[in-house]
Amino acid sequence: MIIDLSRVREASYAHQLVGVKHITSKPAFLLADEMGAGKTKQAIDSAMVLFQNGIIDRVIVVAPAAVRDVWFDVELGELAKHLWNDVPCWVTKWHSVSTQWKWFCRNTADEKPLRWIITNYEYIRSGKMVKVGKQMIPEHLLALLKIAGPRTLLILDESSAIKSYDAAQTKACLKLRRRCGRVLLLNGTPIADSPLDIYSQANVMSPSILDCRGITAFRSRYAIMGGFIAKTPWGDHPTQVLKWVNLPDLQQRMAPYVIRRLKTDCLDLPAKLPPVALTVPLEDRTWQVYQQMKADMVAWLGSSVSSASIAIVKIMRLAQITSGFVGGIESLEDLDEEPDDSPWTEGPRQALKQGDWKRISHEKQDAYLTWLNARLDEDPNAKILTWSRFRPEVATLLTALPSTVERGVIWGAHAGKRKAEERTHALRLLDPRTAPKGPVVVVGTPATGSMGLNLTAAAIVMYMSNDWSLKTRLQSEDRTHRPGQIRNVSYFDLVATGPRGQKTIDHRVIGALRAKQNLAEWTASAWIRALAEEQP
């Protein structure tokens, strides 16, 4: 195969050239470079090489909903930035309302462009079910299957979206993979939660890689199981992984199909400064509400708990109180569509929607505004990215910002349930190519904005509240720490305490994430121990 990169518009780093060679040499590959190392550029360059060599004529990109336009956007998207000079391409967004743009197309009779279809996981798993033979297939997926073939490259961006082996979108991607000649998975954190994350990703690449007939065989080989016993027609089965074993074998099987480089190994980037925790004492009234809720949670956890994911739903209500409100959508990721890596079953997901939220205090908001004014005193042109896991917290903060800070600050919001043009405006405020002069503050929910975005115009990141997911925290940190960043990046966490400095759920969440623990794996007993350690 000839690898000629003379038409690229942005020079490649040495590690990206190595990545292209690996990707183009194998029909199934997982590019697991750390976030910010340029996985998307390597994917685009690899597709162009395969097209130039006559191996592919079509690329299907499946990404999370929040990342779809990171690929497609005609002005700021990755394709608009990295498609090669003088190579004709048609780029189509495959969604309920499809749109298209063309690149170097002269519309001549003999022109054969490389066709790009950009869609998202949520869309291909949805739609009316259509019977095909003995199978029922979502209509959106069926339409895509009809145009996939041996000369199609399938790119699964943020491939941890298919880590749940029995999820509808995993099954949809597996069907799509079987129609496509080649597949490329992109993921900066391929096993952020546990080795189980790699099972479905490897299976979509090729079942021969792990050589496991199913999830039971995978667990038998790599896990010691225990805990809650599930009764099935095939017998009683323990459901909790007590310990992972034989991981060198798993690594050896995956090694030929994976490459991973850290940013520190391949890029000369400024430092990520250690995060600074800023404590926020709660008022006595708020503290009383928190203590009552904590007592209820400990009692509930001590009773029957069906799964750790339901425990997360309950526990994160405590985090709501430290952020100053109760009610509303209490724990679901702040996306317009269901997040790809949501661990909840239908029951907990429906239970979250319990009516309107109610503001009960303003301690964190007041502390944030004081902190913000101090930052703008230090640098009147500062550009600041602020994350909150709760949409109500974003909404109330956006209401307070214009009336509190009068410094010519430009505001933006990138959160779920907001209009597309509002999100696009927010991205442009912190994209180094379009960021305006003067101070900028963008407030967002990490579930919506933590993946795939280039926000390197900002070098200050504040977390008003944190997500339960380690992957989301790592992703959101690296929106500002990637190629294009020229300053050291500072991180801050607002941590609520009791009136006399007592610890709260904020300490547990931040402590776990900094220790690289994923809260979704905590058992009920672990939560009880953590809450019991809080001072009364």
# chains A, B, ... in the order shown; residues from 1 in each chain; ligands from 1

call {"tool": "select_by_dssp", "arguments": {"residues": "stretch 128-254 of chain A", "states": "helix (DSSP H, G or I)", "output": "CSV table (one decimal) with C-alpha atoms, in the first residue's frame"}}
result
chain,number,residue,atom,x,y,z
A,139,GLU,CA,-35.5,1.3,10.3
A,140,HIS,CA,-32.7,3.9,10.6
A,141,LEU,CA,-30.1,1.1,10.9
A,142,LEU,CA,-31.7,-0.8,8.0
A,143,ALA,CA,-31.3,2.1,5.7
A,144,LEU,CA,-27.6,2.4,6.6
A,145,LEU,CA,-27.1,-1.4,6.1
A,159,SER,CA,-16.2,3.4,21.1
A,160,SER,CA,-16.9,2.9,24.8
A,161,ALA,CA,-20.4,3.6,23.7
A,162,ILE,CA,-20.6,0.0,22.7
A,168,ALA,CA,-29.3,-1.9,21.6
A,169,GLN,CA,-26.6,0.3,20.1
A,170,THR,CA,-24.0,-2.3,20.6
A,171,LYS,CA,-26.1,-4.8,18.7
A,172,ALA,CA,-26.8,-2.2,16.0
A,173,CYS,CA,-23.1,-1.6,15.5
A,174,LEU,CA,-22.3,-5.3,15.4
A,175,LYS,CA,-24.8,-5.7,12.5
A,176,LEU,CA,-23.3,-2.7,10.7
A,177,ARG,CA,-19.8,-4.0,11.2
A,178,ARG,CA,-20.7,-7.3,9.6
A,179,ARG,CA,-21.6,-5.4,6.4
A,197,ASP,CA,-15.4,-2.6,28.7
A,198,ILE,CA,-13.1,-4.2,26.1
A,199,TYR,CA,-15.2,-7.3,25.5
A,200,SER,CA,-17.8,-5.7,23.2
A,201,GLN,CA,-15.3,-3.5,21.5
A,202,ALA,CA,-13.1,-6.4,20.6
A,203,ASN,CA,-16.2,-8.5,19.5
A,204,VAL,CA,-17.3,-5.7,17.1
A,205,MET,CA,-13.7,-5.6,15.7
A,215,ILE,CA,-19.9,-12.9,27.7
A,216,THR,CA,-20.1,-15.9,30.0
A,217,ALA,CA,-16.9,-17.4,28.5
A,218,PHE,CA,-15.2,-14.0,28.8
A,219,ARG,CA,-16.0,-13.8,32.5
A,220,SER,CA,-15.0,-17.4,33.1
A,221,ARG,CA,-11.6,-16.6,31.6
A,222,TYR,CA,-10.9,-13.2,33.1
A,247,LEU,CA,-5.2,-9.9,32.3
A,248,PRO,CA,-1.8,-10.4,30.6
A,249,ASP,CA,-3.6,-12.9,28.3
A,250,LEU,CA,-6.3,-10.3,27.5
A,251,GLN,CA,-3.5,-7.7,26.8
A,252,GLN,CA,-1.6,-10.1,24.6
A,253,ARG,CA,-4.7,-10.9,22.5
A,254,MET,CA,-5.5,-7.3,22.0

call {"tool": "select_by_dssp", "arguments": {"residues": "stretch 215-330 of chain A", "states": "strand (DSSP E or B)", "output": "PyMOL selection string"}}
result
chain A and resi 223-232+235-244+258-259+272+276-281+325-329

call {"tool": "closest_residue", "arguments": {"among": "A:Thr456, A:Gln292, A:Thr119, A:Asn187", "to": "A:Ile60", "atoms": "only C-alpha atoms"}}
result
A:Thr119

call {"tool": "residues_around", "arguments": {"residues": "A:Arg423", "least_positions_apart": "3", "cutoff": "6 Å", "atoms": "only C-alpha atoms", "output": "PyMOL selection string"}}
result
chain A and resi 414+420+426

call {"tool": "write_last_selection", "arguments": {"atoms": "N, CA and C atoms", "output": "JSON list (two decimals), in the first residue's frame"}}
result
[["chain", "number", "residue", "atom", "x", "y", "z"],
["A", 414, "HIS", "N", -23.29, 25.20, 26.89],
["A", 414, "HIS", "CA", -23.26, 23.97, 26.10],
["A", 414, "HIS", "C", -23.76, 22.83, 26.98],
["A", 420, "ALA", "N", -29.51, 23.98, 19.27],
["A", 420, "ALA", "CA", -28.25, 23.67, 18.59],
["A", 420, "ALA", "C", -27.43, 24.93, 18.33],
["A", 426, "ALA", "N", -21.52, 28.61, 21.84],
["A", 426, "ALA", "CA", -20.64, 28.37, 22.98],
["A", 426, "ALA", "C", -19.32, 27.75, 22.53]]

call {"tool": "residues_around", "arguments": {"residues": "A:Thr279", "least_positions_apart": "6", "cutoff": "7 Å", "atoms": "only C-alpha atoms", "output": "VMD selection string"}}
result
chain A and resid 494 to 497

call {"tool": "closest_residue", "arguments": {"among": "A:Gly127, A:Leu301, A:Asn120, A:Asn107", "to": "A:Ser525", "atoms": "only C-alpha atoms"}}
result
A:Leu301

call {"tool": "residues_around", "arguments": {"residues": "A:Ala43", "least_positions_apart": "3", "cutoff": "8 Å", "atoms": "only C-alpha atoms", "output": "PyMOL selection string"}}
result
chain A and resi 20+23+39-40+46-47+155+184

call {"tool": "residues_around", "arguments": {"residues": "A:Phe29", "least_positions_apart": "5", "cutoff": "9 Å", "atoms": "only C-alpha atoms", "output": "list in words"}}
result
His22, Ile23, Thr24, Arg182, Val183, Leu184, Leu185, Leu186, Met205, Pro256, Tyr257, Val258 and Ile259 of chain A

call {"tool": "write_last_selection", "arguments": {"atoms": "N, CA and C atoms", "output": "PDB file, in the first residue's frame"}}
result
ATOM      1  N   HIS A  22      -0.388   1.884  11.048  1.00  0.00           N
ATOM      2  CA  HIS A  22      -1.045   0.779  11.740  1.00  0.00           C
ATOM      3  C   HIS A  22      -2.488   0.617  11.269  1.00  0.00           C
ATOM      4  N   ILE A  23      -3.214   1.715  11.196  1.00  0.00           N
ATOM      5  CA  ILE A  23      -4.637   1.660  10.843  1.00  0.00           C
ATOM      6  C   ILE A  23      -4.841   1.097   9.447  1.00  0.00           C
ATOM      7  N   THR A  24      -4.048   1.563   8.498  1.00  0.00           N
ATOM      8  CA  THR A  24      -4.233   1.143   7.103  1.00  0.00           C
ATOM      9  C   THR A  24      -3.747  -0.276   6.843  1.00  0.00           C
ATOM     10  N   ARG A 182     -14.056  -2.881   6.658  1.00  0.00           N
ATOM     11  CA  ARG A 182     -13.038  -2.476   7.630  1.00  0.00           C
ATOM     12  C   ARG A 182     -13.721  -1.723   8.769  1.00  0.00           C
ATOM     13  N   VAL A 183     -13.081  -1.752   9.936  1.00  0.00           N
ATOM     14  CA  VAL A 183     -13.609  -1.028  11.080  1.00  0.00           C
ATOM     15  C   VAL A 183     -12.458  -0.404  11.860  1.00  0.00           C
ATOM     16  N   LEU A 184     -12.682   0.819  12.319  1.00  0.00           N
ATOM     17  CA  LEU A 184     -11.712   1.534  13.146  1.00  0.00           C
ATOM     18  C   LEU A 184     -12.441   2.066  14.374  1.00  0.00           C
ATOM     19  N   LEU A 185     -11.979   1.691  15.552  1.00  0.00           N
ATOM     20  CA  LEU A 185     -12.529   2.192  16.796  1.00  0.00           C
ATOM     21  C   LEU A 185     -11.617   3.295  17.339  1.00  0.00           C
ATOM     22  N   LEU A 186     -12.211   4.378  17.813  1.00  0.00           N
ATOM     23  CA  LEU A 186     -11.472   5.482  18.407  1.00  0.00           C
ATOM     24  C   LEU A 186     -11.926   5.650  19.851  1.00  0.00           C
ATOM     25  N   MET A 205     -14.895  -5.583  16.579  1.00  0.00           N
ATOM     26  CA  MET A 205     -13.750  -5.600  15.669  1.00  0.00           C
ATOM     27  C   MET A 205     -13.670  -6.937  14.950  1.00  0.00           C
ATOM     28  N   PRO A 256      -1.962  -6.819  19.037  1.00  0.00           N
ATOM     29  CA  PRO A 256      -1.757  -6.584  17.597  1.00  0.00           C
ATOM     30  C   PRO A 256      -2.775  -5.636  16.974  1.00  0.00           C
ATOM     31  N   TYR A 257      -3.876  -5.379  17.673  1.00  0.00           N
ATOM     32  CA  TYR A 257      -4.965  -4.602  17.090  1.00  0.00           C
ATOM     33  C   TYR A 257      -5.166  -3.251  17.769  1.00  0.00           C
ATOM     34  N   VAL A 258      -4.258  -2.886  18.650  1.00  0.00           N
ATOM     35  CA  VAL A 258      -4.418  -1.660  19.425  1.00  0.00           C
ATOM     36  C   VAL A 258      -3.100  -0.899  19.481  1.00  0.00           C
ATOM     37  N   ILE A 259      -3.194   0.418  19.415  1.00  0.00           N
ATOM     38  CA  ILE A 259      -2.044   1.251  19.711  1.00  0.00           C
ATOM     39  C   ILE A 259      -2.512   2.395  20.601  1.00  0.00           C
TER      40      ILE A 259
END

call {"tool": "atom_distance", "arguments": {"atom1": "atom CA of A:Lys243", "atom2": "atom CA of A:Ala167"}}
result
23.7 Å

call {"tool": "residues_around", "arguments": {"residues": "stretch 12-18 of chain A", "least_positions_apart": "4", "cutoff": "12 Å", "atoms": "only C-alpha atoms", "output": "PDB file with N, CA and C atoms, in the first residue's frame"}}
result
ATOM      1  N   ILE A   3       1.487   4.987   0.959  1.00  0.00           N
ATOM      2  CA  ILE A   3       1.043   6.004   1.915  1.00  0.00           C
ATOM      3  C   ILE A   3       1.684   7.328   1.528  1.00  0.00           C
ATOM      4  N   ASP A   4       0.921   8.122   0.805  1.00  0.00           N
ATOM      5  CA  ASP A   4       1.377   9.419   0.319  1.00  0.00           C
ATOM      6  C   ASP A   4       0.555  10.508   1.009  1.00  0.00           C
ATOM      7  N   LEU A   5       1.189  11.246   1.926  1.00  0.00           N
ATOM      8  CA  LEU A   5       0.509  12.276   2.692  1.00  0.00           C
ATOM      9  C   LEU A   5       0.821  13.679   2.183  1.00  0.00           C
ATOM     10  N   SER A   6       1.163  13.786   0.929  1.00  0.00           N
ATOM     11  CA  SER A   6       1.564  15.089   0.390  1.00  0.00           C
ATOM     12  C   SER A   6       0.402  16.077   0.291  1.00  0.00           C
ATOM     13  N   ARG A   7      -0.838  15.573   0.326  1.00  0.00           N
ATOM     14  CA  ARG A   7      -1.991  16.460   0.158  1.00  0.00           C
ATOM     15  C   ARG A   7      -2.611  16.903   1.485  1.00  0.00           C
ATOM     16  N   VAL A   8      -2.033  16.493   2.595  1.00  0.00           N
ATOM     17  CA  VAL A   8      -2.605  16.898   3.877  1.00  0.00           C
ATOM     18  C   VAL A   8      -2.499  18.412   4.028  1.00  0.00           C
ATOM     19  N   HIS A  22      -0.388   1.884  11.048  1.00  0.00           N
ATOM     20  CA  HIS A  22      -1.045   0.779  11.740  1.00  0.00           C
ATOM     21  C   HIS A  22      -2.488   0.617  11.269  1.00  0.00           C
ATOM     22  N   ILE A  23      -3.214   1.715  11.196  1.00  0.00           N
ATOM     23  CA  ILE A  23      -4.637   1.660  10.843  1.00  0.00           C
ATOM     24  C   ILE A  23      -4.841   1.097   9.447  1.00  0.00           C
ATOM     25  N   THR A  24      -4.048   1.563   8.498  1.00  0.00           N
ATOM     26  CA  THR A  24      -4.233   1.143   7.103  1.00  0.00           C
ATOM     27  C   THR A  24      -3.747  -0.276   6.843  1.00  0.00           C
ATOM     28  N   SER A  25      -2.967  -0.824   7.764  1.00  0.00           N
ATOM     29  CA  SER A  25      -2.430  -2.174   7.544  1.00  0.00           C
ATOM     30  C   SER A  25      -3.345  -3.273   8.053  1.00  0.00           C
ATOM     31  N   LEU A  31      -7.694   2.530  17.815  1.00  0.00           N
ATOM     32  CA  LEU A  31      -6.754   3.610  18.090  1.00  0.00           C
ATOM     33  C   LEU A  31      -7.122   4.189  19.442  1.00  0.00           C
ATOM     34  N   ASP A  33      -5.195   6.263  21.502  1.00  0.00           N
ATOM     35  CA  ASP A  33      -4.346   7.360  21.978  1.00  0.00           C
ATOM     36  C   ASP A  33      -5.089   8.186  23.019  1.00  0.00           C
ATOM     37  N   GLU A  34      -4.326   8.753  23.942  1.00  0.00           N
ATOM     38  CA  GLU A  34      -4.924   9.602  24.965  1.00  0.00           C
ATOM     39  C   GLU A  34      -5.650  10.778  24.324  1.00  0.00           C
ATOM     40  N   GLY A  36      -6.698  14.139  23.002  1.00  0.00           N
ATOM     41  CA  GLY A  36      -5.891  15.283  22.617  1.00  0.00           C
ATOM     42  C   GLY A  36      -4.700  14.943  21.751  1.00  0.00           C
ATOM     43  N   ALA A  37      -4.480  13.651  21.483  1.00  0.00           N
ATOM     44  CA  ALA A  37      -3.330  13.239  20.680  1.00  0.00           C
ATOM     45  C   ALA A  37      -3.644  13.191  19.185  1.00  0.00           C
ATOM     46  N   GLY A  38      -4.863  13.536  18.795  1.00  0.00           N
ATOM     47  CA  GLY A  38      -5.182  13.637  17.372  1.00  0.00           C
ATOM     48  C   GLY A  38      -5.714  12.372  16.741  1.00  0.00           C
ATOM     49  N   LYS A  39      -6.593  11.653  17.444  1.00  0.00           N
ATOM     50  CA  LYS A  39      -7.148  10.415  16.878  1.00  0.00           C
ATOM     51  C   LYS A  39      -7.978  10.696  15.633  1.00  0.00           C
ATOM     52  N   THR A  40      -8.757  11.771  15.649  1.00  0.00           N
ATOM     53  CA  THR A  40      -9.639  12.055  14.511  1.00  0.00           C
ATOM     54  C   THR A  40      -8.826  12.348  13.256  1.00  0.00           C
ATOM     55  N   LYS A  41      -7.769  13.115  13.384  1.00  0.00           N
ATOM     56  CA  LYS A  41      -6.923  13.396  12.216  1.00  0.00           C
ATOM     57  C   LYS A  41      -6.317  12.111  11.664  1.00  0.00           C
ATOM     58  N   GLN A  42      -5.860  11.236  12.542  1.00  0.00           N
ATOM     59  CA  GLN A  42      -5.290   9.969  12.071  1.00  0.00           C
ATOM     60  C   GLN A  42      -6.351   9.144  11.348  1.00  0.00           C
ATOM     61  N   ALA A  43      -7.584   9.168  11.847  1.00  0.00           N
ATOM     62  CA  ALA A  43      -8.663   8.418  11.202  1.00  0.00           C
ATOM     63  C   ALA A  43      -8.954   8.973   9.813  1.00  0.00           C
ATOM     64  N   ILE A  44      -9.013  10.303   9.698  1.00  0.00           N
ATOM     65  CA  ILE A  44      -9.307  10.932   8.407  1.00  0.00           C
ATOM     66  C   ILE A  44      -8.173  10.678   7.421  1.00  0.00           C
ATOM     67  N   ASP A  45      -6.940  10.849   7.861  1.00  0.00           N
ATOM     68  CA  ASP A  45      -5.799  10.595   6.975  1.00  0.00           C
ATOM     69  C   ASP A  45      -5.766   9.142   6.522  1.00  0.00           C
ATOM     70  N   SER A  46      -6.091   8.219   7.424  1.00  0.00           N
ATOM     71  CA  SER A  46      -6.109   6.794   7.067  1.00  0.00           C
ATOM     72  C   SER A  46      -7.184   6.509   6.026  1.00  0.00           C
ATOM     73  N   VAL A  49      -5.959   7.669   2.684  1.00  0.00           N
ATOM     74  CA  VAL A  49      -4.964   6.741   2.128  1.00  0.00           C
ATOM     75  C   VAL A  49      -5.657   5.517   1.543  1.00  0.00           C
ATOM     76  N   HIS A  82      -9.511  18.679   8.115  1.00  0.00           N
ATOM     77  CA  HIS A  82      -8.472  17.701   7.772  1.00  0.00           C
ATOM     78  C   HIS A  82      -8.656  16.986   6.440  1.00  0.00           C
ATOM     79  N   ILE A 259      -3.194   0.418  19.415  1.00  0.00           N
ATOM     80  CA  ILE A 259      -2.044   1.251  19.711  1.00  0.00           C
ATOM     81  C   ILE A 259      -2.512   2.395  20.601  1.00  0.00           C
ATOM     82  N   ARG A 260      -1.713   2.694  21.619  1.00  0.00           N
ATOM     83  CA  ARG A 260      -2.055   3.766  22.551  1.00  0.00           C
ATOM     84  C   ARG A 260      -0.794   4.560  22.876  1.00  0.00           C
ATOM     85  N   ARG A 261      -0.885   5.876  22.739  1.00  0.00           N
ATOM     86  CA  ARG A 261       0.192   6.779  23.117  1.00  0.00           C
ATOM     87  C   ARG A 261      -0.356   7.860  24.036  1.00  0.00           C
ATOM     88  N   LEU A 262       0.395   8.212  25.063  1.00  0.00           N
ATOM     89  CA  LEU A 262       0.001   9.297  25.945  1.00  0.00           C
ATOM     90  C   LEU A 262       0.481  10.624  25.369  1.00  0.00           C
ATOM     91  N   LYS A 263      -0.232  11.698  25.706  1.00  0.00           N
ATOM     92  CA  LYS A 263       0.161  13.020  25.202  1.00  0.00           C
ATOM     93  C   LYS A 263       1.572  13.386  25.637  1.00  0.00           C
ATOM     94  N   THR A 264       1.924  12.981  26.851  1.00  0.00           N
ATOM     95  CA  THR A 264       3.260  13.317  27.343  1.00  0.00           C
ATOM     96  C   THR A 264       4.353  12.626  26.549  1.00  0.00           C
ATOM     97  N   ASP A 265       4.009  11.515  25.872  1.00  0.00           N
ATOM     98  CA  ASP A 265       5.001  10.774  25.090  1.00  0.00           C
ATOM     99  C   ASP A 265       5.161  11.310  23.676  1.00  0.00           C
ATOM    100  N   CYS A 266       4.144  12.000  23.170  1.00  0.00           N
ATOM    101  CA  CYS A 266       4.195  12.349  21.752  1.00  0.00           C
ATOM    102  C   CYS A 266       3.920  13.816  21.452  1.00  0.00           C
ATOM    103  N   LEU A 267       3.544  14.599  22.462  1.00  0.00           N
ATOM    104  CA  LEU A 267       3.262  16.008  22.231  1.00  0.00           C
ATOM    105  C   LEU A 267       3.971  16.863  23.276  1.00  0.00           C
ATOM    106  N   ASP A 268       4.382  18.024  22.866  1.00  0.00           N
ATOM    107  CA  ASP A 268       5.018  18.967  23.781  1.00  0.00           C
ATOM    108  C   ASP A 268       3.971  19.990  24.203  1.00  0.00           C
ATOM    109  N   PRO A 483      -3.613  19.659  21.523  1.00  0.00           N
ATOM    110  CA  PRO A 483      -2.880  20.517  20.596  1.00  0.00           C
ATOM    111  C   PRO A 483      -3.581  21.841  20.353  1.00  0.00           C
TER     112      PRO A 483
END

call {"tool": "closest_residue", "arguments": {"among": "A:Asn53, A:Gln502, A:Ser98, A:Thr523", "to": "A:Ile315", "atoms": "only C-alpha atoms"}}
result
A:Thr523

call {"tool": "closest_residue", "arguments": {"among": "A:Glu10, A:Glu122, A:Glu75, A:Glu421", "to": "A:Arg433", "atoms": "only C-alpha atoms"}}
result
A:Glu75

call {"tool": "closest_residue", "arguments": {"among": "A:Leu369, A:Met35, A:Leu401, A:Ile117", "to": "A:Glu477", "atoms": "only C-alpha atoms"}}
result
A:Met35
